[in-house]
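*Asks:* Below is the file structure16.csv, which contains CSV, C-alpha atoms.
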chain,number,residue,atom,x,y,z
A,1,MET,CA,-26.3,6.2,-6.1
A,2,ALA,CA,-25.9,4.6,-2.7
A,3,ARG,CA,-22.4,4.1,-1.4
A,4,GLU,CA,-21.5,0.7,-0.1
A,5,THR,CA,-20.1,0.6,3.4
A,6,GLY,CA,-17.6,-1.7,5.1
A,7,MET,CA,-15.6,-2.1,8.2
A,8,ILE,CA,-12.0,-1.2,8.7
A,9,ARG,CA,-10.0,-3.2,11.3
A,10,MET,CA,-6.5,-4.3,12.2
A,11,ALA,CA,-5.4,-7.3,10.1
A,12,THR,CA,-4.8,-10.7,11.7
A,13,ALA,CA,-2.8,-13.7,10.7
A,14,ALA,CA,-6.1,-15.3,9.5
A,15,ASP,CA,-6.3,-12.6,6.8
A,16,ALA,CA,-3.2,-13.8,5.1
A,17,GLU,CA,-4.8,-16.0,2.4
A,18,ALA,CA,-7.3,-13.3,1.4
A,19,ILE,CA,-4.5,-10.7,1.4
A,20,CYS,CA,-2.5,-13.0,-0.9
A,21,ALA,CA,-5.5,-13.3,-3.2
A,22,ILE,CA,-5.6,-9.6,-3.6
A,23,TYR,CA,-1.9,-9.0,-3.8
A,24,ASN,CA,-1.0,-11.9,-6.2
A,25,HIS,CA,-3.3,-10.4,-8.8
A,26,TYR,CA,-1.0,-7.3,-8.8
A,27,VAL,CA,2.1,-9.6,-8.8
A,28,THR,CA,1.0,-11.7,-11.8
A,29,ASP,CA,-1.1,-9.2,-13.9
A,30,THR,CA,0.3,-5.7,-13.3
A,31,ILE,CA,3.3,-3.5,-12.9
A,32,VAL,CA,2.1,-2.2,-9.6
A,33,THR,CA,4.6,-4.3,-7.6
A,34,PHE,CA,7.9,-5.5,-8.9
A,35,GLU,CA,7.5,-8.9,-7.3
A,36,GLU,CA,7.3,-11.5,-10.1
A,37,GLN,CA,6.2,-14.7,-8.2
A,38,PRO,CA,3.0,-15.1,-6.3
A,39,VAL,CA,3.4,-14.8,-2.5
A,40,ARG,CA,2.4,-17.8,-0.3
A,41,ALA,CA,0.1,-17.3,2.7
A,42,ALA,CA,2.8,-18.4,5.1
A,43,ASP,CA,5.2,-15.7,3.7
A,44,MET,CA,2.5,-13.1,3.9
A,45,ARG,CA,1.8,-14.0,7.5
A,46,SER,CA,5.5,-13.4,8.2
A,47,ARG,CA,5.4,-10.0,6.5
A,48,MET,CA,2.3,-9.1,8.4
A,49,THR,CA,3.8,-10.2,11.8
A,50,ALA,CA,6.9,-8.0,11.2
A,51,VAL,CA,4.8,-4.9,10.3
A,52,LEU,CA,2.2,-5.4,13.1
A,53,ALA,CA,5.0,-5.5,15.7
A,54,LYS,CA,5.5,-1.8,15.3
A,55,LEU,CA,3.1,-0.3,12.7
A,56,PRO,CA,-0.5,-0.7,11.4
A,57,TRP,CA,-1.8,-3.2,8.8
A,58,LEU,CA,-5.5,-2.5,8.2
A,59,VAL,CA,-8.1,-4.4,6.2
A,60,PHE,CA,-11.4,-3.3,4.7
A,61,GLU,CA,-14.2,-5.8,4.8
A,62,CYS,CA,-17.3,-5.4,2.7
A,63,ASP,CA,-20.2,-7.9,2.9
A,64,GLY,CA,-18.0,-10.5,4.5
A,65,ASP,CA,-15.2,-10.2,1.8
A,66,LEU,CA,-11.8,-8.7,2.4
A,67,ALA,CA,-11.9,-5.9,-0.2
A,68,GLY,CA,-8.5,-4.4,0.4
A,69,TYR,CA,-5.7,-3.7,2.8
A,70,ALA,CA,-3.2,-0.9,3.7
A,71,TYR,CA,-0.1,-0.9,5.9
A,72,ALA,CA,2.9,1.1,6.7
A,73,SER,CA,6.5,0.0,6.9
A,74,PRO,CA,9.6,1.8,8.0
A,75,TRP,CA,11.0,4.1,5.3
A,76,LYS,CA,14.6,3.3,6.3
A,77,THR,CA,16.3,1.5,9.1
A,78,ARG,CA,18.5,4.3,10.5
A,79,ILE,CA,17.2,5.7,13.8
A,80,GLY,CA,16.8,9.2,12.4
A,81,TYR,CA,14.1,7.9,10.0
A,82,ARG,CA,11.9,6.5,12.9
A,83,PHE,CA,9.1,9.1,12.2
A,84,ALA,CA,8.9,8.3,8.5
A,85,VAL,CA,7.1,5.4,6.9
A,86,GLU,CA,6.2,4.1,3.5
A,87,SER,CA,2.6,3.3,2.9
A,88,SER,CA,1.1,0.5,0.7
A,89,ILE,CA,-2.5,0.0,-0.3
A,90,TYR,CA,-4.1,-2.7,-2.4
A,91,LEU,CA,-7.8,-3.3,-3.3
A,92,ALA,CA,-9.4,-6.3,-4.8
A,93,PRO,CA,-10.2,-5.5,-8.5
A,94,ALA,CA,-13.9,-6.1,-7.8
A,95,HIS,CA,-13.9,-3.4,-5.1
A,96,THR,CA,-12.2,-0.5,-6.9
A,97,GLY,CA,-14.0,2.7,-7.7
A,98,ARG,CA,-16.2,2.7,-4.6
A,99,GLY,CA,-14.3,5.0,-2.3
A,100,PHE,CA,-12.9,2.1,-0.3
A,101,GLY,CA,-9.3,3.0,-1.0
A,102,ALA,CA,-9.7,6.6,0.3
A,103,ALA,CA,-11.5,5.4,3.4
A,104,LEU,CA,-8.8,2.8,4.1
A,105,TYR,CA,-6.0,5.2,3.4
A,106,ARG,CA,-7.6,7.8,5.7
A,107,ALA,CA,-7.8,5.3,8.5
A,108,LEU,CA,-4.2,4.4,8.0
A,109,LEU,CA,-3.2,8.0,8.1
A,110,ASP,CA,-5.2,8.5,11.3
A,111,ASP,CA,-3.5,5.5,12.9
A,112,LEU,CA,-0.1,6.8,11.9
A,113,ARG,CA,-0.8,10.2,13.3
A,114,ALA,CA,-1.8,8.7,16.6
A,115,ARG,CA,1.6,6.9,16.6
A,116,ASN,CA,3.4,10.2,16.2
A,117,ILE,CA,4.5,9.4,12.7
A,118,HIS,CA,5.5,12.6,10.9
A,119,CYS,CA,6.1,11.7,7.3
A,120,VAL,CA,4.3,9.2,5.0
A,121,ILE,CA,5.7,8.3,1.6
A,122,GLY,CA,3.7,6.5,-1.0
A,123,GLY,CA,5.3,5.1,-4.2
A,124,ALA,CA,3.7,4.1,-7.5
A,125,ALA,CA,5.0,2.3,-10.5
A,126,LEU,CA,3.9,4.3,-13.5
A,127,PRO,CA,1.6,4.6,-15.3
A,128,ASN,CA,-0.9,4.1,-12.4
A,129,PRO,CA,-3.6,6.9,-12.7
A,130,ALA,CA,-5.7,5.5,-9.8
A,131,SER,CA,-2.8,5.6,-7.4
A,132,VAL,CA,-1.7,9.0,-8.5
A,133,ALA,CA,-5.3,10.3,-8.0
A,134,LEU,CA,-5.7,8.7,-4.6
A,135,HIS,CA,-2.5,10.2,-3.3
A,136,GLU,CA,-3.3,13.6,-4.6
A,137,LYS,CA,-6.9,13.4,-3.3
A,138,LEU,CA,-5.5,12.7,0.2
A,139,GLY,CA,-3.1,15.7,0.2
A,140,PHE,CA,0.1,14.0,-0.8
A,141,ALA,CA,2.5,16.0,-3.0
A,142,LYS,CA,4.7,14.4,-5.6
A,143,VAL,CA,8.3,14.6,-4.5
A,144,ALA,CA,10.3,12.3,-6.8
A,145,HIS,CA,10.1,10.6,-10.2
A,146,PHE,CA,12.7,8.0,-11.1
A,147,ARG,CA,13.0,7.0,-14.7
A,148,GLU,CA,13.3,3.3,-15.7
A,149,ASN,CA,14.4,2.1,-12.3
A,150,GLY,CA,12.0,-1.0,-12.3
A,151,PHE,CA,11.9,-3.8,-14.7
A,152,LYS,CA,8.9,-6.2,-15.2
A,153,PHE,CA,7.2,-7.9,-18.1
A,154,GLY,CA,10.2,-7.2,-20.4
A,155,ARG,CA,10.2,-3.4,-20.0
A,156,TRP,CA,11.6,-0.6,-17.9
A,157,ILE,CA,9.1,1.1,-15.6
A,158,ASP,CA,9.2,4.6,-13.9
A,159,VAL,CA,8.5,4.9,-10.2
A,160,ALA,CA,7.3,8.1,-8.5
A,161,TYR,CA,6.9,9.0,-4.8
A,162,TRP,CA,4.4,11.2,-3.0
A,163,GLN,CA,4.8,12.6,0.5
A,164,ARG,CA,2.5,13.8,3.2
A,165,LEU,CA,3.4,15.3,6.5
A,166,LEU,CA,1.1,14.5,9.3
Any chance you could give the structure as structure tokens?
*Replies:*
Amino acid sequence: MARETGMIRMATAADAEAICAIYNHYVTDTIVTFEEQPVRAADMRSRMTAVLAKLPWLVFECDGDLAGYAYASPWKTRIGYRFAVESSIYLAPAHTGRGFGAALYRALLDDLRARNIHCVIGGAALPNPASVALHEKLGFAKVAHFRENGFKFGRWIDVAYWQRLL
């Protein structure tokens, strides 16, 4: 079976609408994010601008479509945490299961390594077997599991964190 290919590049403000289309699926239909209202493109552009001022926000294009995105944000604001980031990755539902997530995440890790980031932390609302498998495939180790610390769709949700040192 032939693998589809795509292009990974830095995100631009013009990608905000396509990023919202991907992200808002997870907002309205899943527990993957604890946001409960769809995000507007203008708000997403603001988020992207804040991230891109210091850290990477990458997109994966496949056949002209934005198939997914990944970015890193500061783990904490105190200066001592300046070498630690939290990673986030989202794929359009039509583009899962093709290896795009691993390729995109690897590119993010390479970019972070080049920026001298030392620690990458990825979180997942549970259950989320795809996210767990992706983190473990890429060498992350589970370091925390918080019980019932999120609430969405009328129920309590566990959250776990994985860590990788670069």
*Asks:* Please identify all polymer residues within 9 Å of Ala160 of chain A, counting all atoms listed in the file, omitting same-chain residues fewer than 2 positions from it, and present them as a ChimeraX atom specification.
*Replies:* /A:122-126,142-147,158,162
*Asks:* Output C-alpha atoms of each residue in that selection to a file, as an mmCIF file, in the coordinates of the input.
*Replies:*
data_model
loop_
_atom_site.group_PDB
_atom_site.id
_atom_site.type_symbol
_atom_site.label_atom_id
_atom_site.label_comp_id
_atom_site.auth_asym_id
_atom_site.auth_seq_id
_atom_site.Cartn_x
_atom_site.Cartn_y
_atom_site.Cartn_z
ATOM 1 C CA GLY A 122 3.700 6.500 -1.000
ATOM 2 C CA GLY A 123 5.300 5.100 -4.200
ATOM 3 C CA ALA A 124 3.700 4.100 -7.500
ATOM 4 C CA ALA A 125 5.000 2.300 -10.500
ATOM 5 C CA LEU A 126 3.900 4.300 -13.500
ATOM 6 C CA LYS A 142 4.700 14.400 -5.600
ATOM 7 C CA VAL A 143 8.300 14.600 -4.500
ATOM 8 C CA ALA A 144 10.300 12.300 -6.800
ATOM 9 C CA HIS A 145 10.100 10.600 -10.200
ATOM 10 C CA PHE A 146 12.700 8.000 -11.100
ATOM 11 C CA ARG A 147 13.000 7.000 -14.700
ATOM 12 C CA ASP A 158 9.200 4.600 -13.900
ATOM 13 C CA TRP A 162 4.400 11.200 -3.000
#
*Asks:* Residues within 9 Å of Thr30 of chain A, please, as a list in words. Count all atoms listed in the file; anything in the same chain fewer than 4 positions from it doesn't count.
*Replies:*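 Near neighbours after the sequence-gap exclusion: His25, Tyr26, Phe34, Lys152 and Phe153 of chain A.
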*Asks:* Do a neighbour search on Tyr90 of chain A at 9 Å with all atoms listed in the file, toss out local chain neighbours closer than 3 positions, and write the hits as a list in words.
*Replies:*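 Residues meeting the cut-off are Ile19, Ile22, Tyr23, Tyr26, Ala67, Gly68, Tyr69, Ala70 and Gly101 of chain A.
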*Asks:* Would you mind reading off the distance between atom CA of Gly154 of chain A and atom CA of His135 of chain A, one decimal, in Å?
*Replies:*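 Computed distance, atom CA of Gly154 of chain A to atom CA of His135 of chain A, equals 27.5 Å.
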*Asks:* Show which residues sit within 8 Å of segment 39-46 of chain A, as a list in words. Count only C-alpha atoms, and ignore same-chain residues fewer than 2 positions away.
*Replies:*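 Using only C-alpha atoms, the neighbours found are Ala13, Ala16, Glu17, Ile19, Cys20, Tyr23, Asn24, Gln37, Met48, Thr49 and Ala50 of chain A.
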*Asks:* Could you tell me how far atom CA of Leu165 of chain A lies from atom CA of Ala114 of chain A, in Å and to one decimal?
*Replies:*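 These two atoms are separated by 13.1 Å.
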*Asks:* So that I can check the surroundings of Arg115 of chain A, please list as an mmCIF file with C-alpha atoms, in the frame of the given file every protein, DNA and RNA residue that reaches within 12 Å of it, counting all atoms listed in the file and ignoring chain neighbours fewer than 5 positions away.
*Replies:*
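part-v1.cif, freshly written:
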data_model
loop_
_atom_site.group_PDB
_atom_site.id
_atom_site.type_symbol
_atom_site.label_atom_id
_atom_site.label_comp_id
_atom_site.auth_asym_id
_atom_site.auth_seq_id
_atom_site.Cartn_x
_atom_site.Cartn_y
_atom_site.Cartn_z
ATOM 1 C CA LYS A 54 5.500 -1.800 15.300
ATOM 2 C CA LEU A 55 3.100 -0.300 12.700
ATOM 3 C CA PRO A 56 -0.500 -0.700 11.400
ATOM 4 C CA ALA A 72 2.900 1.100 6.700
ATOM 5 C CA ARG A 82 11.900 6.500 12.900
ATOM 6 C CA PHE A 83 9.100 9.100 12.200
ATOM 7 C CA ALA A 84 8.900 8.300 8.500
ATOM 8 C CA VAL A 85 7.100 5.400 6.900
ATOM 9 C CA LEU A 108 -4.200 4.400 8.000
ATOM 10 C CA LEU A 109 -3.200 8.000 8.100
ATOM 11 C CA ASP A 110 -5.200 8.500 11.300
ATOM 12 C CA LEU A 166 1.100 14.500 9.300
#
*Asks:* Between atom CA of Tyr105 of chain A and atom CA of Gly150 of chain A, what is the spacing in Å?
*Replies:*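 A separation of 24.7 Å between them.
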*Asks:* Identify which of the residues A:Leu52, A:Leu91, A:Leu58, A:Val32 lies closest to Pro127 of chain A, counting all atoms listed in the file when measuring atom-to-atom distances.
*Replies:* A:Val32
*Asks:* Emit as AutoDock Vina command-line options the padded axis-aligned box for all listed atoms of segment 28-43 of chain A, 3 Å per side, with centre and edge lengths in Å to one decimal.
*Replies:*
--center_x 3.4 --center_y -10.3 --center_z -4.4 --size_x 15.0 --size_y 22.2 --size_z 25.0
